[in-house]
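Participant: Data file entry.csv (CSV, C-alpha atoms) is appended below.
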```csv
chain,number,residue,atom,x,y,z
A,1,MET,CA,82.9,55.6,99.5
A,2,GLU,CA,80.7,56.0,102.5
A,3,LYS,CA,77.9,58.4,101.6
A,4,LYS,CA,77.4,60.0,105.0
A,5,VAL,CA,80.4,61.6,106.7
A,6,THR,CA,80.0,61.7,110.4
A,7,LYS,CA,83.6,62.0,111.8
A,8,ILE,CA,86.3,64.0,110.1
A,9,GLY,CA,90.0,64.2,110.6
A,10,VAL,CA,92.1,67.3,109.9
A,11,LEU,CA,95.8,67.5,109.5
A,12,THR,CA,98.6,69.8,108.3
A,13,SER,CA,101.3,68.4,106.1
A,14,GLY,CA,104.5,69.5,104.4
A,15,GLY,CA,105.9,72.9,104.9
A,16,ASP,CA,104.1,75.1,107.4
A,17,ALA,CA,102.3,78.3,106.3
A,18,PRO,CA,100.8,81.2,108.2
A,19,GLY,CA,97.0,80.8,108.2
A,20,MET,CA,97.0,77.0,108.7
A,21,ASN,CA,95.7,77.5,112.3
A,22,ALA,CA,92.9,79.6,110.9
A,23,ALA,CA,92.0,76.8,108.5
A,24,ILE,CA,92.1,74.2,111.4
A,25,ARG,CA,89.8,76.5,113.4
A,26,ALA,CA,87.3,76.8,110.6
A,27,VAL,CA,87.2,73.0,110.0
A,28,VAL,CA,86.7,72.2,113.7
A,29,ARG,CA,84.0,74.8,114.4
A,30,THR,CA,82.1,74.2,111.1
A,31,GLY,CA,82.2,70.4,111.8
A,32,ILE,CA,81.0,70.8,115.3
A,33,TYR,CA,78.3,73.2,114.3
A,34,ASN,CA,77.0,70.6,111.9
A,35,LYS,CA,77.0,67.9,114.6
A,36,LEU,CA,80.1,66.1,113.3
A,37,GLU,CA,82.9,64.8,115.4
A,38,VAL,CA,86.3,66.3,114.5
A,39,PHE,CA,89.6,64.7,115.2
A,40,GLY,CA,93.0,66.4,115.0
A,41,ILE,CA,95.9,64.3,113.5
A,42,MET,CA,99.3,65.4,114.7
A,43,ARG,CA,102.4,65.7,112.4
A,44,GLY,CA,100.5,65.1,109.1
A,45,TYR,CA,100.5,61.7,107.6
A,46,MET,CA,103.0,60.5,110.2
A,47,GLY,CA,100.3,61.0,112.9
A,48,MET,CA,97.9,58.8,110.9
A,49,ILE,CA,100.5,56.0,110.8
A,50,ASP,CA,101.4,56.4,114.5
A,51,ASP,CA,97.8,56.8,115.6
A,52,ASP,CA,98.6,60.2,117.1
A,53,ILE,CA,94.9,61.2,116.8
A,54,PHE,CA,92.7,63.0,119.3
A,55,LYS,CA,89.2,64.4,119.5
A,56,MET,CA,88.9,68.2,119.2
A,57,GLU,CA,86.3,70.5,120.7
A,58,SER,CA,85.4,74.1,119.9
A,59,LYS,CA,87.7,75.2,122.7
A,60,SER,CA,90.6,73.3,121.2
A,61,VAL,CA,90.9,76.0,118.6
A,62,ALA,CA,90.4,79.0,120.8
A,63,ASN,CA,92.9,81.8,120.4
A,64,ILE,CA,94.8,80.3,117.5
A,65,ILE,CA,93.6,82.3,114.5
A,66,GLN,CA,96.3,84.9,114.9
A,67,ARG,CA,99.1,82.4,115.4
A,68,GLY,CA,101.6,81.3,112.7
A,69,GLY,CA,102.8,77.7,112.4
A,70,THR,CA,100.3,75.0,113.1
A,71,ILE,CA,99.0,73.6,116.4
A,72,LEU,CA,98.7,70.2,114.8
A,73,LYS,CA,102.4,70.2,113.9
A,74,THR,CA,103.6,69.1,110.5
A,75,ALA,CA,106.0,66.6,109.0
A,76,ARG,CA,107.0,65.0,105.7
A,77,CYS,CA,106.3,61.3,105.8
A,78,LYS,CA,108.1,58.9,103.4
A,79,GLU,CA,106.3,55.9,105.0
A,80,PHE,CA,103.0,57.2,103.7
A,81,TYR,CA,104.2,56.7,100.1
A,82,THR,CA,104.4,52.9,100.7
A,83,PRO,CA,101.3,50.7,100.5
A,84,GLU,CA,102.1,49.4,104.0
A,85,GLY,CA,102.2,52.9,105.5
A,86,ARG,CA,98.9,53.8,103.9
A,87,LYS,CA,97.3,50.6,105.1
A,88,ALA,CA,98.4,51.3,108.7
A,89,ALA,CA,97.1,54.8,108.4
A,90,TYR,CA,93.7,53.6,107.2
A,91,LYS,CA,93.4,51.1,110.0
A,92,ASN,CA,94.0,53.8,112.6
A,93,LEU,CA,91.4,56.1,111.0
A,94,LYS,CA,88.8,53.3,110.9
A,95,LYS,CA,89.6,52.5,114.6
A,96,HIS,CA,88.5,56.1,115.4
A,97,GLY,CA,85.5,55.9,113.1
A,98,ILE,CA,86.9,58.7,110.9
A,99,ASN,CA,85.2,58.7,107.5
A,100,GLY,CA,86.3,62.0,106.0
A,101,LEU,CA,89.7,63.8,105.8
A,102,VAL,CA,90.7,67.4,105.4
A,103,ILE,CA,94.4,67.8,104.4
A,104,ILE,CA,96.0,71.2,104.6
A,105,GLY,CA,99.2,71.3,102.6
A,106,GLY,CA,100.9,71.7,99.3
A,107,ASP,CA,101.3,69.6,96.1
A,108,GLY,CA,103.1,66.8,97.9
A,109,SER,CA,100.4,66.5,100.5
A,110,PHE,CA,97.8,66.5,97.7
A,111,ARG,CA,99.6,63.7,95.9
A,112,GLY,CA,99.4,61.6,99.1
A,113,ALA,CA,95.7,62.4,99.5
A,114,GLN,CA,94.9,61.5,95.9
A,115,ILE,CA,96.6,58.1,96.2
A,116,PHE,CA,95.0,57.4,99.6
A,117,SER,CA,91.5,58.3,98.3
A,118,THR,CA,91.7,55.9,95.4
A,119,GLU,CA,92.8,53.0,97.6
A,120,PHE,CA,90.4,53.3,100.5
A,121,ASP,CA,86.8,54.4,101.3
A,122,ILE,CA,87.7,57.6,103.0
A,123,PRO,CA,87.1,60.8,101.0
A,124,CYS,CA,89.7,63.6,101.1
A,125,ILE,CA,89.4,67.3,100.8
A,126,GLY,CA,92.6,69.4,100.2
A,127,LEU,CA,93.2,72.9,101.3
A,128,PRO,CA,96.1,74.7,99.6
A,129,GLY,CA,98.4,75.6,102.5
A,130,THR,CA,101.7,76.7,101.0
A,131,ILE,CA,103.6,80.0,100.9
A,132,ASP,CA,104.8,79.1,97.4
A,133,LYS,CA,101.5,79.6,95.5
A,134,ASP,CA,102.5,76.8,93.2
A,135,ILE,CA,99.2,74.9,92.9
A,136,ALA,CA,97.1,75.4,89.8
A,137,GLY,CA,93.4,76.1,90.2
A,138,THR,CA,93.5,78.8,92.8
A,139,ASP,CA,94.4,82.5,92.7
A,140,PHE,CA,95.9,82.3,96.2
A,141,THR,CA,97.2,79.7,98.7
A,142,ILE,CA,97.1,79.9,102.5
A,143,GLY,CA,100.2,81.6,103.7
A,144,PHE,CA,101.3,83.3,100.4
A,145,ASP,CA,100.1,86.8,101.3
A,146,THR,CA,101.8,86.7,104.7
A,147,ALA,CA,105.1,85.4,103.2
A,148,VAL,CA,105.1,88.1,100.5
A,149,ASN,CA,104.4,90.9,103.1
A,150,THR,CA,107.2,89.6,105.3
A,151,ALA,CA,109.5,89.7,102.3
A,152,VAL,CA,108.4,93.2,101.3
A,153,GLN,CA,109.1,94.5,104.8
A,154,ALA,CA,112.5,93.0,104.8
A,155,ILE,CA,113.4,94.2,101.3
A,156,ASP,CA,112.3,97.7,102.2
A,157,LYS,CA,114.7,97.7,105.1
A,158,VAL,CA,117.5,96.4,103.0
A,159,ARG,CA,116.9,99.2,100.5
A,160,ASP,CA,117.5,101.7,103.2
A,161,THR,CA,121.0,100.5,103.9
A,162,ALA,CA,121.6,99.9,100.2
A,163,ASP,CA,120.8,103.6,99.6
A,164,ALA,CA,123.1,104.7,102.4
A,165,HIS,CA,126.1,102.9,100.9
A,166,ASP,CA,125.3,102.9,97.2
A,167,ARG,CA,125.4,99.2,97.0
A,168,LEU,CA,123.8,96.4,95.0
A,169,PHE,CA,121.9,93.9,97.2
A,170,ILE,CA,120.9,90.5,95.9
A,171,ILE,CA,118.0,89.2,98.0
A,172,GLU,CA,117.0,85.6,98.0
A,173,VAL,CA,113.4,84.8,98.8
A,174,MET,CA,111.7,81.4,99.2
A,175,GLY,CA,109.5,79.7,96.7
A,176,ARG,CA,111.3,76.5,95.8
A,177,ASP,CA,110.3,75.9,92.1
A,178,SER,CA,107.9,78.8,92.0
A,179,GLY,CA,108.8,82.4,91.5
A,180,TYR,CA,105.6,84.0,92.8
A,181,ILE,CA,107.1,85.3,96.1
A,182,ALA,CA,110.0,86.8,94.2
A,183,LEU,CA,107.7,88.3,91.5
A,184,HIS,CA,105.2,89.9,93.9
A,185,SER,CA,107.7,91.1,96.5
A,186,GLY,CA,110.1,92.3,93.8
A,187,VAL,CA,107.4,94.4,92.0
A,188,ALA,CA,106.1,95.7,95.3
A,189,THR,CA,109.5,97.0,96.4
A,190,GLY,CA,110.6,98.4,93.0
A,191,ALA,CA,113.4,95.8,92.5
A,192,GLU,CA,115.7,96.5,89.6
A,193,ASN,CA,115.6,92.9,88.5
A,194,ILE,CA,113.7,89.8,89.5
A,195,LEU,CA,115.0,86.3,88.7
A,196,ILE,CA,112.6,83.3,88.9
A,197,PRO,CA,112.8,79.6,88.0
A,198,GLU,CA,110.1,79.9,85.3
A,199,GLN,CA,112.4,82.1,83.2
A,200,LYS,CA,115.9,81.3,82.0
A,201,THR,CA,118.3,83.7,83.7
A,202,ASP,CA,120.4,85.8,81.3
A,203,VAL,CA,123.4,86.7,83.5
A,204,GLU,CA,124.9,88.8,80.7
A,205,GLY,CA,121.6,90.8,80.5
A,206,VAL,CA,121.7,91.4,84.2
A,207,ILE,CA,125.3,92.7,84.0
A,208,SER,CA,124.5,94.8,81.0
A,209,ALA,CA,121.6,96.4,82.8
A,210,LEU,CA,123.8,97.2,85.8
A,211,VAL,CA,126.4,98.8,83.6
A,212,GLU,CA,123.7,100.9,82.0
A,213,LYS,CA,122.3,101.9,85.3
A,214,HIS,CA,125.8,102.8,86.6
A,215,ARG,CA,126.2,105.0,83.5
A,216,ARG,CA,123.1,106.9,84.5
A,217,LYS,CA,124.4,107.3,88.1
A,218,LYS,CA,121.9,104.8,89.4
A,219,LEU,CA,124.1,103.2,92.1
A,220,VAL,CA,121.5,101.6,94.3
A,221,ASN,CA,120.1,98.4,93.0
A,222,ILE,CA,118.0,95.5,94.4
A,223,ILE,CA,117.9,92.2,92.6
A,224,VAL,CA,115.3,89.7,94.0
A,225,VAL,CA,116.1,86.0,93.3
A,226,ALA,CA,113.8,83.0,94.0
A,227,GLU,CA,115.6,80.2,95.8
A,228,GLY,CA,114.8,77.8,93.0
A,229,GLU,CA,116.3,80.0,90.3
A,230,GLN,CA,119.1,78.2,88.4
A,231,PHE,CA,122.0,80.4,89.6
A,232,GLY,CA,121.0,81.4,93.1
A,233,ALA,CA,121.9,84.6,94.9
A,234,THR,CA,125.4,83.6,95.9
A,235,GLU,CA,126.4,82.4,92.5
A,236,LEU,CA,124.9,85.5,90.9
A,237,ALA,CA,126.8,87.7,93.2
A,238,LYS,CA,130.1,85.9,92.3
A,239,ALA,CA,129.4,86.4,88.6
A,240,ILE,CA,128.7,90.1,89.0
A,241,THR,CA,131.7,90.7,91.2
A,242,GLU,CA,134.0,89.0,88.7
A,243,ARG,CA,132.7,91.1,85.8
A,244,LEU,CA,132.1,94.4,87.7
A,245,PRO,CA,134.8,94.5,90.5
A,246,GLN,CA,134.0,98.1,91.3
A,247,GLN,CA,130.4,97.2,92.3
A,248,GLU,CA,129.9,96.6,96.0
A,249,VAL,CA,127.6,93.5,96.2
A,250,ARG,CA,125.9,92.1,99.2
A,251,VAL,CA,123.7,89.0,99.5
A,252,THR,CA,120.8,88.7,101.9
A,253,ILE,CA,119.0,85.4,102.2
A,254,LEU,CA,115.6,85.9,103.9
A,255,GLY,CA,115.1,82.2,104.6
A,256,HIS,CA,112.5,80.8,107.1
A,257,ILE,CA,111.4,84.2,108.5
A,258,GLN,CA,109.0,84.1,105.5
A,259,ARG,CA,107.2,81.0,106.9
A,260,GLY,CA,106.6,82.4,110.4
A,261,GLY,CA,104.7,85.2,111.9
A,262,SER,CA,101.1,86.2,112.4
A,263,PRO,CA,99.0,85.6,109.3
A,264,THR,CA,97.7,88.7,107.5
A,265,CYS,CA,94.0,89.5,107.4
A,266,PHE,CA,93.8,88.1,103.9
A,267,ASP,CA,95.3,84.8,104.8
A,268,ARG,CA,93.0,84.5,107.8
A,269,LEU,CA,90.0,85.1,105.6
A,270,ILE,CA,90.8,82.7,102.8
A,271,ALA,CA,91.8,80.0,105.3
A,272,SER,CA,88.5,80.5,107.2
A,273,ARG,CA,86.5,80.3,104.0
A,274,MET,CA,88.3,77.3,102.7
A,275,GLY,CA,88.0,75.4,106.0
A,276,TYR,CA,84.3,76.1,106.0
A,277,ALA,CA,83.9,75.0,102.4
A,278,ALA,CA,85.9,71.8,103.1
A,279,VAL,CA,83.4,70.6,105.7
A,280,GLU,CA,80.5,71.6,103.5
A,281,SER,CA,82.0,69.6,100.7
A,282,LEU,CA,82.2,66.4,102.8
A,283,MET,CA,78.7,66.9,104.0
A,284,THR,CA,77.3,67.2,100.4
A,285,ASN,CA,79.3,64.3,99.0
A,286,ARG,CA,81.7,66.5,96.9
A,287,PHE,CA,84.7,64.2,97.5
A,288,ASN,CA,88.4,64.1,96.6
A,289,VAL,CA,88.7,67.7,95.5
A,290,PHE,CA,90.8,70.6,96.7
A,291,ILE,CA,89.3,74.0,97.6
A,292,GLY,CA,90.5,76.9,95.5
A,293,ILE,CA,89.5,80.6,95.2
A,294,VAL,CA,89.2,82.0,91.7
A,295,ASN,CA,87.9,85.6,91.2
A,296,ASN,CA,86.9,85.6,94.9
A,297,LYS,CA,84.6,82.5,94.5
A,298,MET,CA,85.1,79.0,95.8
A,299,HIS,CA,86.3,76.5,93.2
A,300,TYR,CA,86.4,72.7,93.6
A,301,ILE,CA,89.2,71.0,91.6
A,302,PRO,CA,89.6,67.2,91.5
A,303,LEU,CA,92.7,66.1,93.4
A,304,ASP,CA,94.1,64.2,90.4
A,305,GLN,CA,94.1,67.4,88.4
A,306,ALA,CA,95.7,69.4,91.1
A,307,VAL,CA,98.8,67.1,91.3
A,308,LYS,CA,99.2,67.2,87.5
A,309,LYS,CA,99.1,70.9,86.8
A,310,LYS,CA,101.5,73.7,87.9
A,311,GLN,CA,100.7,77.3,88.4
A,312,LYS,CA,102.1,79.3,85.5
A,313,ILE,CA,103.4,82.9,85.5
A,314,SER,CA,101.9,84.9,82.7
A,315,ASP,CA,104.0,86.8,80.1
A,316,ASP,CA,102.1,90.0,81.2
A,317,TRP,CA,103.8,89.8,84.6
A,318,MET,CA,107.2,89.5,83.0
A,319,LYS,CA,106.5,92.5,80.8
A,320,ILE,CA,105.5,94.5,83.8
A,321,VAL,CA,108.7,93.6,85.5
A,322,LYS,CA,110.8,94.6,82.5
A,323,ILE,CA,109.1,98.0,82.1
A,324,LEU,CA,109.0,99.0,85.7
A,325,SER,CA,112.6,98.1,86.5
A,326,SER,CA,114.1,100.0,83.6
```
Spell out the structure here as structure tokens.
Facilitator:
Amino acid sequence: MEKKVTKIGVLTSGGDAPGMNAAIRAVVRTGIYNKLEVFGIMRGYMGMIDDDIFKMESKSVANIIQRGGTILKTARCKEFYTPEGRKAAYKNLKKHGINGLVIIGGDGSFRGAQIFSTEFDIPCIGLPGTIDKDIAGTDFTIGFDTAVNTAVQAIDKVRDTADAHDRLFIIEVMGRDSGYIALHSGVATGAENILIPEQKTDVEGVISALVEKHRRKKLVNIIVVAEGEQFGATELAKAITERLPQQEVRVTILGHIQRGGSPTCFDRLIASRMGYAAVESLMTNRFNVFIGIVNNKMHYIPLDQAVKKKQKISDDWMKIVKILSS
């Protein structure tokens, strides 16, 4: 590894997340403040392979902190998972003199960074940019808070129409293999049931609970389902309709609206702190880590650990869900 980092590249990879622009802004301005040259890499690892790399100035990141998406664009790049692709990417970085990388993305992006950093002499720093909050070692990821708040606002609106018609609504939220968006948004909106990939779904239990609620004249019910849950919202609706034909069931899939929109204050703050910490890490030879926040303090977790561990949902959370939804 080169000991002194003088030129850094920053990229966003994988799924976009609100707050990525705030992180880019922090990396660029912290780097420039410390007399480093900063280069933007377009479309993630694809831009490294295609040499879609340009020098950034302070004004390059003006007026972006409030914007969703990412000004550097993002993409998933299969070529980077081949030795030939990584070698081409390395040659392009060396051509620009880049000797440090900041990768903003999720677990797939971190896997790519971890492999790249072991093969070549360019240190990598990861920033957890994913709405799923599925990376172990940090209390929050960039974009999660915004996505949850978007889901909460949508579920609140759905509850209004559910109440008007005495209907059961099954609402599917994003999260892939992680149930955190479903868990947080479901608890925050008073959902009657929350189904997540981390817990085996008991369809009979869901139906029994609905029967009991109907007996008590509780006719308005919201079930929040994570997209990675084994049944899915549509299949669950079908199973309930077959067993309870008198129950009016509607399915709402929130989809990609959870990815977009202006980031919340919280996401802007953690993205800014993480971007600043990433540059500081490169300057102090703390290499090949990702930046996490635990108990409101910065934590530095080796990339190889980050790609091996998964964020787990505690039993306490599930107990809260059971008690509050009864």
Participant: When you draw a straight line from CA of Asn149 (chain A) to CA of Val10 (chain A), how long is it in Å?
Facilitator: 27.5 Å
Participant: Would you compute the distance between CA of Glu280 (chain A) and CA of Lys133 (chain A)? Give it in Å to one decimal.
Facilitator: 23.9 Å
Participant: With all atoms listed in the file as the basis for distance, which of A:Ala237, A:Glu119, A:Ser109, A:Val251 is at the shortest distance from Val158 (chain A)?
Facilitator: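 For Val158 (chain A), the nearest of the given residues is A:Val251.
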Participant: With distances taken over only C-alpha atoms, which residue among A:Ile32, A:Ile49, A:Ala89, A:Ala22 lies nearest Thr6 (chain A)?
Facilitator: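 Among the listed residues, the smallest separation from Thr6 (chain A) belongs to A:Ile32.
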Participant: As an exercise, work out the distance from CA of Leu183 (chain A) to CA of Thr70 (chain A) in Å and give it to one decimal place.
Facilitator: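 Interatomic distance here is 26.4 Å.
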Participant: Would you mind completing region 133-148 of chain A so that it carries N, CA and C atoms, and writing it out as a PDB file, keeping the file's coordinate frame?
Facilitator:
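Result saved to result_24.pdb:
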```pdb
ATOM      1  N   LYS A 133     102.553  79.336  96.546  1.00  0.00           N
ATOM      2  CA  LYS A 133     101.500  79.600  95.500  1.00  0.00           C
ATOM      3  C   LYS A 133     101.801  78.838  94.240  1.00  0.00           C
ATOM      4  N   ASP A 134     102.098  77.558  94.380  1.00  0.00           N
ATOM      5  CA  ASP A 134     102.500  76.800  93.200  1.00  0.00           C
ATOM      6  C   ASP A 134     101.478  75.713  92.822  1.00  0.00           C
ATOM      7  N   ILE A 135     100.222  75.902  93.247  1.00  0.00           N
ATOM      8  CA  ILE A 135      99.200  74.900  92.900  1.00  0.00           C
ATOM      9  C   ILE A 135      98.206  75.563  91.937  1.00  0.00           C
ATOM     10  N   ALA A 136      98.053  74.926  90.797  1.00  0.00           N
ATOM     11  CA  ALA A 136      97.100  75.400  89.800  1.00  0.00           C
ATOM     12  C   ALA A 136      95.703  75.231  90.199  1.00  0.00           C
ATOM     13  N   GLY A 137      94.855  76.215  89.858  1.00  0.00           N
ATOM     14  CA  GLY A 137      93.400  76.100  90.200  1.00  0.00           C
ATOM     15  C   GLY A 137      92.972  77.011  91.269  1.00  0.00           C
ATOM     16  N   THR A 138      93.864  77.825  91.806  1.00  0.00           N
ATOM     17  CA  THR A 138      93.500  78.800  92.800  1.00  0.00           C
ATOM     18  C   THR A 138      94.317  80.054  92.664  1.00  0.00           C
ATOM     19  N   ASP A 139      93.682  81.203  92.868  1.00  0.00           N
ATOM     20  CA  ASP A 139      94.400  82.500  92.700  1.00  0.00           C
ATOM     21  C   ASP A 139      95.396  82.664  93.890  1.00  0.00           C
ATOM     22  N   PHE A 140      95.053  82.126  95.046  1.00  0.00           N
ATOM     23  CA  PHE A 140      95.900  82.300  96.200  1.00  0.00           C
ATOM     24  C   PHE A 140      95.952  81.009  97.033  1.00  0.00           C
ATOM     25  N   THR A 141      97.038  80.820  97.745  1.00  0.00           N
ATOM     26  CA  THR A 141      97.200  79.700  98.700  1.00  0.00           C
ATOM     27  C   THR A 141      97.330  80.281 100.087  1.00  0.00           C
ATOM     28  N   ILE A 142      96.942  79.499 101.074  1.00  0.00           N
ATOM     29  CA  ILE A 142      97.100  79.900 102.500  1.00  0.00           C
ATOM     30  C   ILE A 142      98.530  80.133 102.810  1.00  0.00           C
ATOM     31  N   GLY A 143      98.864  81.324 103.264  1.00  0.00           N
ATOM     32  CA  GLY A 143     100.200  81.600 103.700  1.00  0.00           C
ATOM     33  C   GLY A 143     101.011  82.484 102.696  1.00  0.00           C
ATOM     34  N   PHE A 144     100.586  82.503 101.442  1.00  0.00           N
ATOM     35  CA  PHE A 144     101.300  83.300 100.400  1.00  0.00           C
ATOM     36  C   PHE A 144     101.341  84.753 100.742  1.00  0.00           C
ATOM     37  N   ASP A 145     100.182  85.318 101.048  1.00  0.00           N
ATOM     38  CA  ASP A 145     100.100  86.800 101.300  1.00  0.00           C
ATOM     39  C   ASP A 145     100.980  87.173 102.468  1.00  0.00           C
ATOM     40  N   THR A 146     100.985  86.379 103.524  1.00  0.00           N
ATOM     41  CA  THR A 146     101.800  86.700 104.700  1.00  0.00           C
ATOM     42  C   THR A 146     103.295  86.630 104.321  1.00  0.00           C
ATOM     43  N   ALA A 147     103.683  85.576 103.605  1.00  0.00           N
ATOM     44  CA  ALA A 147     105.100  85.400 103.200  1.00  0.00           C
ATOM     45  C   ALA A 147     105.559  86.571 102.349  1.00  0.00           C
ATOM     46  N   VAL A 148     104.721  86.997 101.408  1.00  0.00           N
ATOM     47  CA  VAL A 148     105.100  88.100 100.500  1.00  0.00           C
ATOM     48  C   VAL A 148     105.220  89.402 101.336  1.00  0.00           C
TER      49      VAL A 148
END
```
